[in-house]
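Raw my_file.cif, mmCIF, C-alpha atoms:
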data_work
#
loop_
_atom_site.label_atom_id
_atom_site.label_comp_id
_atom_site.auth_asym_id
_atom_site.auth_seq_id
_atom_site.Cartn_x
_atom_site.Cartn_y
_atom_site.Cartn_z
CA MET A 30 -5.43 65.46 -16.09
CA LEU A 31 -6.92 66.26 -12.69
CA ASN A 32 -8.18 62.71 -12.27
CA GLU A 33 -4.73 61.33 -13.07
CA GLN A 34 -3.16 63.63 -10.48
CA ASN A 35 -5.73 62.58 -7.87
CA GLN A 36 -5.05 58.92 -8.61
CA ALA A 37 -1.30 59.51 -8.26
CA VAL A 38 -1.86 61.15 -4.89
CA LEU A 39 -4.01 58.23 -3.73
CA LYS A 40 -1.31 55.77 -4.80
CA THR A 41 1.41 57.68 -2.96
CA PRO A 42 1.93 56.33 0.58
CA GLN A 43 1.11 58.81 3.31
CA LEU A 44 3.99 60.04 5.47
CA PRO A 45 5.13 59.06 7.99
CA ILE A 46 4.89 55.41 6.97
CA THR A 47 4.00 52.73 9.51
CA GLY A 48 3.08 49.07 9.73
CA ALA A 49 3.81 46.61 6.94
CA LEU A 50 5.01 49.32 4.55
CA ALA A 51 7.55 50.54 7.12
CA ILE A 52 8.96 47.02 7.39
CA ARG A 53 8.96 46.55 3.61
CA VAL A 54 10.99 49.74 3.16
CA PHE A 55 13.39 48.99 6.00
CA LEU A 56 14.43 45.47 4.95
CA PRO A 57 16.09 46.22 1.55
CA PHE A 58 18.13 49.04 3.11
CA ALA A 59 19.12 46.70 5.92
CA PHE A 60 20.15 43.91 3.53
CA ALA A 61 22.37 46.27 1.55
CA TYR A 62 23.95 47.45 4.78
CA VAL A 63 24.68 43.84 5.77
CA LEU A 64 26.78 43.56 2.62
CA SER A 65 28.38 46.97 3.15
CA TYR A 66 29.60 46.01 6.61
CA ALA A 67 30.74 42.59 5.40
CA PHE A 68 32.89 44.28 2.76
CA ARG A 69 34.25 46.67 5.38
CA ALA A 70 35.26 43.97 7.86
CA ILE A 71 36.34 41.07 5.64
CA ASN A 72 40.00 42.10 5.56
CA ALA A 73 40.34 41.50 9.30
CA VAL A 74 39.61 37.80 8.67
CA ILE A 75 41.46 37.25 5.38
CA ALA A 76 44.45 39.43 6.41
CA THR A 77 46.77 36.48 7.06
CA ASP A 78 45.93 34.79 3.74
CA LEU A 79 46.15 38.05 1.83
CA MET A 80 49.54 38.96 3.29
CA SER A 81 50.85 35.47 2.58
CA ASP A 82 49.55 35.26 -1.00
CA LEU A 83 50.73 38.72 -2.07
CA GLN A 84 53.68 39.26 0.31
CA LEU A 85 52.17 42.34 1.94
CA SER A 86 53.62 44.20 4.94
CA HIS A 87 51.55 45.62 7.79
CA SER A 88 51.76 49.04 6.12
CA ASP A 89 50.57 47.55 2.80
CA LEU A 90 47.69 45.84 4.55
CA GLY A 91 46.67 49.06 6.28
CA LEU A 92 46.85 51.00 3.01
CA LEU A 93 44.89 48.33 1.11
CA SER A 94 42.16 48.18 3.74
CA SER A 95 41.97 51.95 3.97
CA ALA A 96 41.34 52.23 0.18
CA TYR A 97 37.77 51.27 1.02
CA LEU A 98 37.61 53.99 3.66
CA ILE A 99 39.11 56.85 1.66
CA ALA A 100 36.88 56.13 -1.35
CA PHE A 101 33.95 55.82 1.02
CA GLY A 102 34.74 59.22 2.52
CA LEU A 103 35.33 60.99 -0.80
CA MET A 104 31.94 59.89 -2.12
CA GLN A 105 29.94 61.25 0.82
CA LEU A 106 29.51 64.86 -0.31
CA PRO A 107 28.38 64.15 -3.91
CA LEU A 108 26.13 61.35 -2.68
CA GLY A 109 24.55 63.72 -0.16
CA ILE A 110 23.46 65.99 -3.00
CA GLY A 111 22.14 62.97 -4.89
CA LEU A 112 20.15 61.79 -1.88
CA ASP A 113 18.52 65.19 -1.47
CA ARG A 114 17.86 65.71 -5.20
CA VAL A 115 16.70 62.30 -6.52
CA GLY A 116 16.01 60.33 -3.38
CA PRO A 117 17.57 57.31 -1.62
CA ARG A 118 16.15 54.58 -3.89
CA ARG A 119 17.78 55.62 -7.16
CA THR A 120 20.96 56.98 -5.59
CA GLU A 121 21.71 53.76 -3.71
CA SER A 122 20.80 51.45 -6.60
CA LEU A 123 23.25 53.18 -8.95
CA ALA A 124 26.02 53.34 -6.34
CA LEU A 125 25.76 49.62 -5.59
CA LEU A 126 26.49 48.83 -9.24
CA VAL A 127 29.95 50.32 -8.66
CA ALA A 128 30.46 48.14 -5.58
CA CYS A 129 29.43 45.05 -7.54
CA ALA A 130 32.05 45.83 -10.21
CA GLY A 131 34.69 46.36 -7.52
CA SER A 132 33.93 43.02 -5.88
CA ILE A 133 34.32 41.18 -9.20
CA LEU A 134 37.60 43.00 -9.89
CA PHE A 135 38.95 42.15 -6.42
CA SER A 136 38.22 38.45 -6.98
CA LEU A 137 40.24 38.55 -10.23
CA ALA A 138 43.18 40.77 -9.15
CA HIS A 139 46.76 39.49 -8.90
CA ASN A 140 48.72 42.51 -7.76
CA PHE A 141 48.52 45.19 -5.10
CA SER A 142 47.55 48.04 -7.46
CA ILE A 143 44.50 46.24 -8.86
CA LEU A 144 43.49 45.09 -5.39
CA TRP A 145 43.68 48.68 -4.14
CA LEU A 146 41.57 49.96 -7.04
CA ALA A 147 39.00 47.21 -6.53
CA ARG A 148 38.83 47.91 -2.82
CA ALA A 149 38.32 51.61 -3.56
CA LEU A 150 35.47 50.85 -5.98
CA ILE A 151 33.79 48.72 -3.34
CA GLY A 152 34.12 51.50 -0.79
CA ALA A 153 32.75 54.10 -3.22
CA GLY A 154 29.78 51.91 -4.11
CA VAL A 155 28.64 50.91 -0.62
CA SER A 156 29.35 54.36 0.83
CA VAL A 157 25.71 55.32 0.38
CA CYS A 158 24.14 52.40 2.26
CA LEU A 159 23.71 53.83 5.74
CA MET A 160 23.27 57.44 4.63
CA ALA A 161 20.54 56.50 2.14
CA ALA A 162 18.74 54.65 4.90
CA LEU A 163 19.07 57.49 7.44
CA THR A 164 17.91 60.02 4.84
CA ALA A 165 14.88 57.88 4.00
CA PHE A 166 14.13 57.37 7.69
CA ARG A 167 14.36 61.12 8.34
CA ALA A 168 11.73 61.83 5.68
CA TRP A 169 9.49 58.78 5.88
CA TYR A 170 9.34 57.59 9.52
CA PRO A 171 8.13 59.26 12.75
CA ALA A 172 10.66 61.50 14.49
CA ASP A 173 10.73 59.48 17.72
CA ARG A 174 11.87 56.36 15.81
CA GLN A 175 15.10 57.77 14.37
CA GLY A 176 17.45 56.46 17.07
CA GLN A 177 15.69 53.10 17.08
CA LEU A 178 15.94 52.75 13.30
CA GLY A 179 19.61 53.75 13.35
CA SER A 180 20.33 51.07 15.96
CA LEU A 181 18.43 48.48 13.94
CA MET A 182 20.50 49.36 10.88
CA LEU A 183 23.61 48.67 12.94
CA VAL A 184 22.08 45.35 13.98
CA ALA A 185 21.95 44.56 10.27
CA GLY A 186 25.46 45.88 9.71
CA THR A 187 26.87 43.87 12.57
CA SER A 188 25.20 40.78 11.15
CA GLY A 189 27.33 41.43 8.08
CA VAL A 190 30.44 41.52 10.24
CA LEU A 191 29.41 38.23 11.87
CA LEU A 192 29.29 36.68 8.40
CA THR A 193 32.95 37.63 7.96
CA THR A 194 34.11 35.82 11.12
CA ILE A 195 33.48 32.08 11.58
CA PRO A 196 31.40 31.58 8.36
CA ALA A 197 33.94 33.38 6.15
CA ARG A 198 36.86 31.66 7.85
CA SER A 199 35.17 28.30 7.23
CA LEU A 200 34.72 29.10 3.55
CA LEU A 201 38.31 30.24 3.01
CA PRO A 202 39.83 26.75 2.64
CA VAL A 203 37.05 25.81 0.18
CA VAL A 204 36.68 28.81 -2.14
CA GLY A 205 39.52 31.11 -1.04
CA TRP A 206 39.24 34.86 -0.60
CA ARG A 207 38.64 35.24 -4.35
CA GLY A 208 35.58 33.00 -4.23
CA ILE A 209 34.21 34.92 -1.26
CA PHE A 210 34.39 38.22 -3.15
CA ALA A 211 32.75 36.66 -6.23
CA GLY A 212 29.89 35.40 -4.09
CA MET A 213 29.45 38.82 -2.50
CA ALA A 214 29.13 40.34 -5.98
CA VAL A 215 26.14 38.06 -6.62
CA LEU A 216 24.52 39.12 -3.34
CA MET A 217 25.08 42.75 -4.31
CA VAL A 218 22.99 42.23 -7.46
CA VAL A 219 20.16 40.94 -5.27
CA ALA A 220 20.40 44.08 -3.09
CA ILE A 221 20.21 46.33 -6.17
CA VAL A 222 17.02 44.63 -7.38
CA LEU A 223 15.39 44.89 -3.94
CA ILE A 224 16.17 48.59 -3.51
CA TRP A 225 15.16 49.53 -7.06
CA SER A 226 11.77 47.90 -6.46
CA LEU A 227 11.01 50.02 -3.37
CA PRO A 228 7.92 52.29 -3.42
CA ARG A 229 8.65 55.72 -4.88
CA ILE A 230 8.09 57.70 -1.69
CA ALA A 231 9.28 61.33 -1.78
CA GLU A 232 11.32 60.41 -4.84
CA SER A 233 12.49 63.87 -5.96
CA PRO A 234 12.09 66.32 -3.07
CA LEU A 235 14.08 69.16 -4.68
CA ARG A 236 13.19 68.80 -8.33
CA GLY A 237 11.14 71.61 -9.85
CA ARG A 238 9.67 73.04 -6.67
CA LYS A 239 10.59 75.04 -3.61
CA LEU A 240 9.85 73.41 -0.29
CA PRO A 241 9.18 75.15 3.01
CA LEU A 242 12.14 74.83 5.37
CA GLN A 243 11.99 73.99 9.04
CA ILE A 244 14.61 76.54 10.03
CA ALA A 245 15.75 79.81 8.53
CA LEU A 246 18.54 79.23 6.01
CA PRO A 247 20.52 81.55 3.77
CA GLN A 248 18.85 81.67 0.34
CA LYS A 249 21.86 80.26 -1.52
CA THR A 250 21.88 77.10 0.61
CA GLU A 251 18.19 76.25 0.36
CA THR A 252 18.57 73.57 -2.31
CA ARG A 253 22.26 72.78 -2.71
CA GLY A 254 25.67 73.15 -1.18
CA TYR A 255 27.29 72.35 2.14
CA SER A 256 28.17 75.77 3.52
CA MET A 257 25.34 75.84 6.05
CA ILE A 258 26.03 72.25 7.09
CA PHE A 259 29.68 72.80 7.98
CA LYS A 260 28.91 76.04 9.83
CA HIS A 261 26.06 74.65 11.88
CA PRO A 262 26.85 74.76 15.65
CA TYR A 263 25.69 71.18 16.27
CA PHE A 264 27.71 69.87 13.35
CA LEU A 265 30.82 71.63 14.70
CA ARG A 266 30.12 70.18 18.12
CA THR A 267 29.91 66.57 16.91
CA MET A 268 32.60 66.62 14.23
CA LEU A 269 35.37 65.06 16.34
CA LEU A 270 33.05 62.35 17.62
CA GLY A 271 32.77 61.31 13.98
CA ALA A 272 36.35 61.86 12.80
CA VAL A 273 38.15 60.52 15.88
CA ASN A 274 35.92 58.33 18.05
CA TYR A 275 33.72 56.68 15.43
CA GLY A 276 36.42 56.76 12.76
CA GLY A 277 38.93 55.18 15.12
CA PHE A 278 36.50 52.48 16.20
CA THR A 279 35.90 51.64 12.54
CA ALA A 280 39.65 51.30 11.97
CA ILE A 281 39.96 48.91 14.92
CA GLN A 282 36.84 46.87 14.22
CA THR A 283 37.55 46.37 10.54
CA LEU A 284 41.28 45.66 10.80
CA TRP A 285 43.45 46.14 13.89
CA ILE A 286 41.51 44.08 16.40
CA GLY A 287 42.55 40.97 14.43
CA PRO A 288 46.32 41.62 14.53
CA TRP A 289 46.04 42.59 18.23
CA MET A 290 44.60 39.17 19.02
CA VAL A 291 47.37 37.43 17.07
CA GLU A 292 50.45 39.52 17.87
CA VAL A 293 49.64 40.78 21.37
CA LEU A 294 47.53 38.03 22.92
CA GLY A 295 49.08 35.20 20.88
CA HIS A 296 45.92 33.64 19.51
CA SER A 297 45.83 31.70 16.25
CA ALA A 298 43.95 32.92 13.18
CA ILE A 299 41.13 30.43 13.82
CA VAL A 300 40.74 31.48 17.47
CA THR A 301 40.88 35.13 16.40
CA ALA A 302 37.99 34.54 13.99
CA ARG A 303 35.97 33.11 16.88
CA ILE A 304 36.84 36.11 19.07
CA LEU A 305 35.78 38.48 16.29
CA PHE A 306 32.51 36.58 16.05
CA TRP A 307 31.80 37.13 19.76
CA PHE A 308 32.96 40.74 19.56
CA ASN A 309 30.52 41.50 16.77
CA LEU A 310 27.76 39.41 18.32
CA THR A 311 28.13 41.58 21.42
CA LEU A 312 27.86 44.66 19.23
CA LEU A 313 24.69 43.26 17.72
CA GLY A 314 23.22 42.63 21.16
CA GLY A 315 24.06 46.18 22.20
CA PHE A 316 22.38 47.62 19.12
CA VAL A 317 19.25 45.55 19.78
CA PHE A 318 19.16 46.81 23.37
CA ASN A 319 19.61 50.42 22.23
CA SER A 320 16.80 50.06 19.69
CA TYR A 321 14.56 49.05 22.60
CA LEU A 322 15.84 51.72 25.01
CA THR A 323 16.09 54.88 22.91
CA PRO A 324 12.35 55.38 22.26
CA LYS A 325 11.79 55.08 26.04
CA LEU A 326 14.49 57.68 26.69
CA GLU A 327 12.88 60.02 24.16
CA ARG A 328 9.45 59.64 25.79
CA ARG A 329 10.95 60.50 29.18
CA GLY A 330 12.64 63.60 27.81
CA ILE A 331 16.18 62.22 28.16
CA PRO A 332 18.35 63.25 25.17
CA VAL A 333 19.80 60.26 23.36
CA ILE A 334 23.10 62.12 22.98
CA ARG A 335 23.51 62.24 26.78
CA TYR A 336 23.17 58.46 27.01
CA ALA A 337 25.56 58.05 24.06
CA LEU A 338 28.26 60.21 25.65
CA GLN A 339 28.07 58.29 28.91
CA LEU A 340 28.55 55.01 27.03
CA MET A 341 31.51 56.51 25.15
CA ALA A 342 33.16 57.40 28.47
CA VAL A 343 32.84 53.77 29.56
CA GLY A 344 34.50 52.72 26.30
CA LEU A 345 37.48 55.01 26.94
CA VAL A 346 38.00 53.46 30.38
CA VAL A 347 37.81 49.93 28.96
CA GLN A 348 40.37 50.77 26.27
CA ALA A 349 42.71 52.16 28.92
CA ILE A 350 42.52 48.84 30.79
CA ILE A 351 43.13 46.83 27.60
CA VAL A 352 46.16 48.93 26.64
CA ALA A 353 47.62 48.88 30.17
CA LEU A 354 47.36 45.09 30.46
CA GLY A 355 48.71 44.39 26.97
CA GLU A 356 49.68 40.73 26.59
CA ARG A 357 48.43 40.04 30.12
CA GLY A 358 44.92 41.07 29.14
CA ALA A 359 42.01 38.81 28.27
CA TRP A 360 40.16 38.77 24.97
CA TRP A 361 36.77 39.14 26.71
CA LEU A 362 37.66 42.68 27.81
CA TRP A 363 37.04 43.65 24.18
CA LEU A 364 33.39 42.66 24.60
CA PHE A 365 32.90 45.59 26.99
CA TYR A 366 34.53 47.86 24.43
CA ALA A 367 32.05 46.54 21.87
CA LEU A 368 29.08 47.31 24.11
CA ALA A 369 30.30 50.84 24.82
CA SER A 370 30.92 51.48 21.12
CA THR A 371 27.23 51.01 20.29
CA SER A 372 26.90 54.61 21.48
CA LEU A 373 28.57 55.93 18.33
CA ILE A 374 25.66 55.30 15.96
CA LEU A 375 23.31 56.97 18.44
CA ALA A 376 25.39 60.13 18.28
CA GLN A 377 25.39 59.95 14.49
CA CYS A 378 21.60 59.59 14.41
CA THR A 379 21.26 62.99 16.10
CA ILE A 380 22.83 64.76 13.08
CA GLY A 381 19.99 64.48 10.54
CA PRO A 382 17.19 65.60 12.91
CA ALA A 383 19.18 68.77 13.69
CA PHE A 384 18.57 69.89 10.08
CA PRO A 385 15.50 70.29 7.81
CA LYS A 386 14.36 67.23 5.86
CA THR A 387 15.54 68.90 2.66
CA HIS A 388 19.11 68.96 4.03
CA ALA A 389 19.15 65.64 5.89
CA GLY A 390 21.07 63.82 3.15
CA ARG A 391 23.85 66.39 3.08
CA ALA A 392 24.01 66.67 6.88
CA ASN A 393 24.35 62.90 7.27
CA THR A 394 26.90 62.50 4.49
CA ALA A 395 28.96 65.48 5.68
CA HIS A 396 29.29 63.83 9.09
CA ASN A 397 30.02 60.51 7.46
CA THR A 398 32.79 62.16 5.42
CA LEU A 399 34.54 63.07 8.65
CA LEU A 400 33.95 59.59 10.02
CA PHE A 401 35.56 57.78 7.11
CA ALA A 402 38.33 60.30 6.65
CA GLY A 403 39.19 59.60 10.28
CA ALA A 404 38.90 55.85 9.77
CA PHE A 405 41.26 56.05 6.78
CA VAL A 406 43.82 58.10 8.70
CA TRP A 407 43.73 55.87 11.77
CA GLN A 408 43.75 52.58 9.88
CA TRP A 409 46.78 53.65 7.87
CA LEU A 410 48.70 55.55 10.58
CA MET A 411 48.31 52.76 13.11
CA GLY A 412 49.96 50.37 10.66
CA VAL A 413 52.76 52.88 10.02
CA ALA A 414 53.28 53.40 13.75
CA ILE A 415 53.38 49.66 14.49
CA ASP A 416 55.94 49.02 11.73
CA ALA A 417 58.05 52.01 12.85
CA LEU A 418 58.12 50.87 16.47
CA LYS A 419 58.99 47.32 15.44
CA GLY A 420 61.75 48.68 13.20
CA SER A 421 63.22 50.57 16.16
CA GLY A 422 63.52 47.35 18.14
CA ALA A 423 60.24 47.26 20.07
CA SER A 424 58.49 43.92 20.55
CA PRO A 425 55.19 43.40 18.70
CA GLN A 426 53.33 43.65 21.99
CA LEU A 427 54.95 46.97 22.93
CA ALA A 428 54.47 48.37 19.41
CA PHE A 429 50.75 47.69 19.56
CA GLN A 430 50.40 49.01 23.12
CA VAL A 431 52.13 52.32 22.37
CA THR A 432 50.15 52.80 19.15
CA PHE A 433 46.82 52.09 20.81
CA ALA A 434 47.71 54.31 23.78
CA GLY A 435 48.35 57.24 21.45
CA PHE A 436 45.05 56.63 19.72
CA LEU A 437 43.25 56.51 23.08
CA LEU A 438 44.56 59.96 24.04
CA VAL A 439 43.22 61.45 20.82
CA GLN A 440 39.84 59.79 21.44
CA CYS A 441 39.67 61.46 24.86
CA LEU A 442 40.17 64.82 23.16
CA GLY A 443 37.41 64.03 20.65
CA TRP A 444 34.98 63.16 23.44
CA ALA A 445 35.89 66.27 25.46
CA TRP A 446 35.40 68.54 22.41
CA PHE A 447 31.63 67.95 22.52
CA PHE A 448 31.55 69.75 25.87
CA ILE A 449 34.16 72.39 25.03
CA ALA A 450 32.82 73.31 21.58
CA PRO A 451 29.73 75.34 22.65
CA ARG A 452 31.93 77.80 24.55
CA VAL A 453 34.40 78.04 21.64
CA ILE A 454 31.63 78.52 19.04
CA HIS A 455 29.88 81.12 21.20
CA SER A 456 33.16 82.95 21.77
CA ASN A 457 33.90 83.03 18.03
CA LYS A 458 30.45 84.41 17.26
CA MET A 459 30.92 87.14 19.88
CA GLU A 460 34.27 88.09 18.34
CA GLN A 461 32.73 88.23 14.85
CA ALA A 462 29.90 90.41 16.15
CA LYS A 463 32.35 92.82 17.75
CA GLY A 464 34.44 92.94 14.56
CA SER A 465 31.43 93.79 12.41
CA GLY A 466 30.24 96.61 14.66
CA PRO A 467 30.60 100.32 13.94
#

Just give me the structure as structure tokens.
Amino acid sequence: MLNEQNQAVLKTPQLPITGALAIRVFLPFAFAYVLSYAFRAINAVIATDLMSDLQLSHSDLGLLSSAYLIAFGLMQLPLGIGLDRVGPRRTESLALLVACAGSILFSLAHNFSILWLARALIGAGVSVCLMAALTAFRAWYPADRQGQLGSLMLVAGTSGVLLTTIPARSLLPVVGWRGIFAGMAVLMVVAIVLIWSLPRIAESPLRGRKLPLQIALPQKTETRGYSMIFKHPYFLRTMLLGAVNYGGFTAIQTLWIGPWMVEVLGHSAIVTARILFWFNLTLLGGFVFNSYLTPKLERRGIPVIRYALQLMAVGLVVQAIIVALGERGAWWLWLFYALASTSLILAQCTIGPAFPKTHAGRANTAHNTLLFAGAFVWQWLMGVAIDALKGSGASPQLAFQVTFAGFLLVQCLGWAWFFIAPRVIHSNKMEQAKGSGP
């Protein structure tokens, strides 16, 4: 028995992993995330065809697209427990089976209800992709590589978005949007096989044993639950960055940037697909640059979150210019917005390291819950606002400008909260301390 245990230990990769093994582990997670992002963004390209085929309104389109987001958000908390209890490999493999079924159903659907259900299944299934990767990275890779790995995952994700621009638009006349979803189901099967075949590193961190924790935690939250996560000062400080800033960017990137190009700037669907390609290529370039820069910032003692917040501020200014110019604006202004928005994943990558490894899955998925709840709300409400303004007699250009201006104001509040929150949290703790005194 002892010899078998010793052999098992020798076969288990030492942590943190480096070299060829680090690359081997990274690539399957990255491939799955390519597909996740492609699913998320595809509606921005097929929107015109989908609305024409099924007679959908802007509100219907927003609700259909947001089915992915709301299912994605609802799955975060249970998946976080799964990631911490059985590990990223098994949790993601099983979840992707649901996404595969949703993609097949979407390709066969002929009414709005079935499309909505299929879209929700896809969102539920791929909701684990980034969080599984970040949880694995937190446990398996060196601490100073977390921001770099997060940026590289977004390079992969943005590659998925690029596949939904010019390539997907070129395939539409040949196979239609149904054929595209059927093909993506096949690719999803490939991702499942690749992830299931990963080395079993730290497979069951919470099963049958008590691990030492990096910070003092209440006893009831050592192995399960989210109470400590949602009360953590850093989580409270970053919650609006996820729900408003990152969530809103997701709503724009995956849907509303396309209609803006068509209805505000007057571009055709084909030109819009090309613009979306350049927008997402710029995002990819920004993520590559950040993956190079962030380790250097860490070595110089510069917090990644400081750099991220400065980039976010640039993004707010760029959005203000875009909204103010409206139909007089140029499509290339959106490229600067894309560059500034690469800051959002850097902020998200600071969540997991703020918690022990045993809680990293729940910390990441709790933040992601806020992100996708915000994306759902903004994707849907922006469609409602645009339709309402049009119904009151506003031109399409004015309807979009007013809607985006309102969203920009809320983003400014989300950004400012990061700086305001420490004083609010400290004040609340002081009040609680006074109230519990003799």

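Once region 365-367 of chain A and its same-chain neighbours fewer than 6 positions away are set aside, Phe308, Thr311, Leu312, Gly344, Val347 and Gln348 of chain A remain within 7 Å of it when counting all atoms listed in the file.
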
9 Å contact set for Ser320 (chain A), only C-alpha atoms, chain neighbours under 6 positions out, as number ranges by chain:
A: 174, 176-181

Which residues of region 277-338 of chain A sit at most 12 Å from region 388-401 of chain A, using only C-alpha atoms? Give each one's shortest atom pair and distance in Å (one decimal place), in chain and ascending residue order, as a tab-separated table.
residue	atom	partner	partner_atom	distance
A:Gly277	CA	A:Leu400	CA	8.4
A:Phe278	CA	A:Leu400	CA	9.8
A:Thr279	CA	A:Phe401	CA	8.2
A:Ala280	CA	A:Phe401	CA	9.1

Any chance you could work out the residue set of the PyMOL selection byres ((chain A and resi 66-74) around 8) here, as JSON, numbers by chain?
-> {"A": [62, 63, 64, 65, 75, 76, 77, 94, 97, 151, 152, 186, 187, 189, 190, 191, 192, 193, 194, 197, 198, 282, 283, 284, 285, 286, 287, 288, 298, 302]}

Picked residues, the PyMOL selection byres ((chain A and resi 443) around 9), expected as a JSON list (two decimals) with C-alpha atoms, in the frame of the given file:
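Done, and the output landed in part10.json:
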[["chain", "number", "residue", "atom", "x", "y", "z"],
["A", 267, "THR", "CA", 29.91, 66.57, 16.91],
["A", 268, "MET", "CA", 32.60, 66.62, 14.23],
["A", 269, "LEU", "CA", 35.37, 65.06, 16.34],
["A", 270, "LEU", "CA", 33.05, 62.35, 17.62],
["A", 271, "GLY", "CA", 32.77, 61.31, 13.98],
["A", 272, "ALA", "CA", 36.35, 61.86, 12.80],
["A", 273, "VAL", "CA", 38.15, 60.52, 15.88],
["A", 274, "ASN", "CA", 35.92, 58.33, 18.05],
["A", 438, "LEU", "CA", 44.56, 59.96, 24.04],
["A", 439, "VAL", "CA", 43.22, 61.45, 20.82],
["A", 440, "GLN", "CA", 39.84, 59.79, 21.44],
["A", 441, "CYS", "CA", 39.67, 61.46, 24.86],
["A", 442, "LEU", "CA", 40.17, 64.82, 23.16],
["A", 444, "TRP", "CA", 34.98, 63.16, 23.44],
["A", 445, "ALA", "CA", 35.89, 66.27, 25.46],
["A", 446, "TRP", "CA", 35.40, 68.54, 22.41],
["A", 447, "PHE", "CA", 31.63, 67.95, 22.52]]
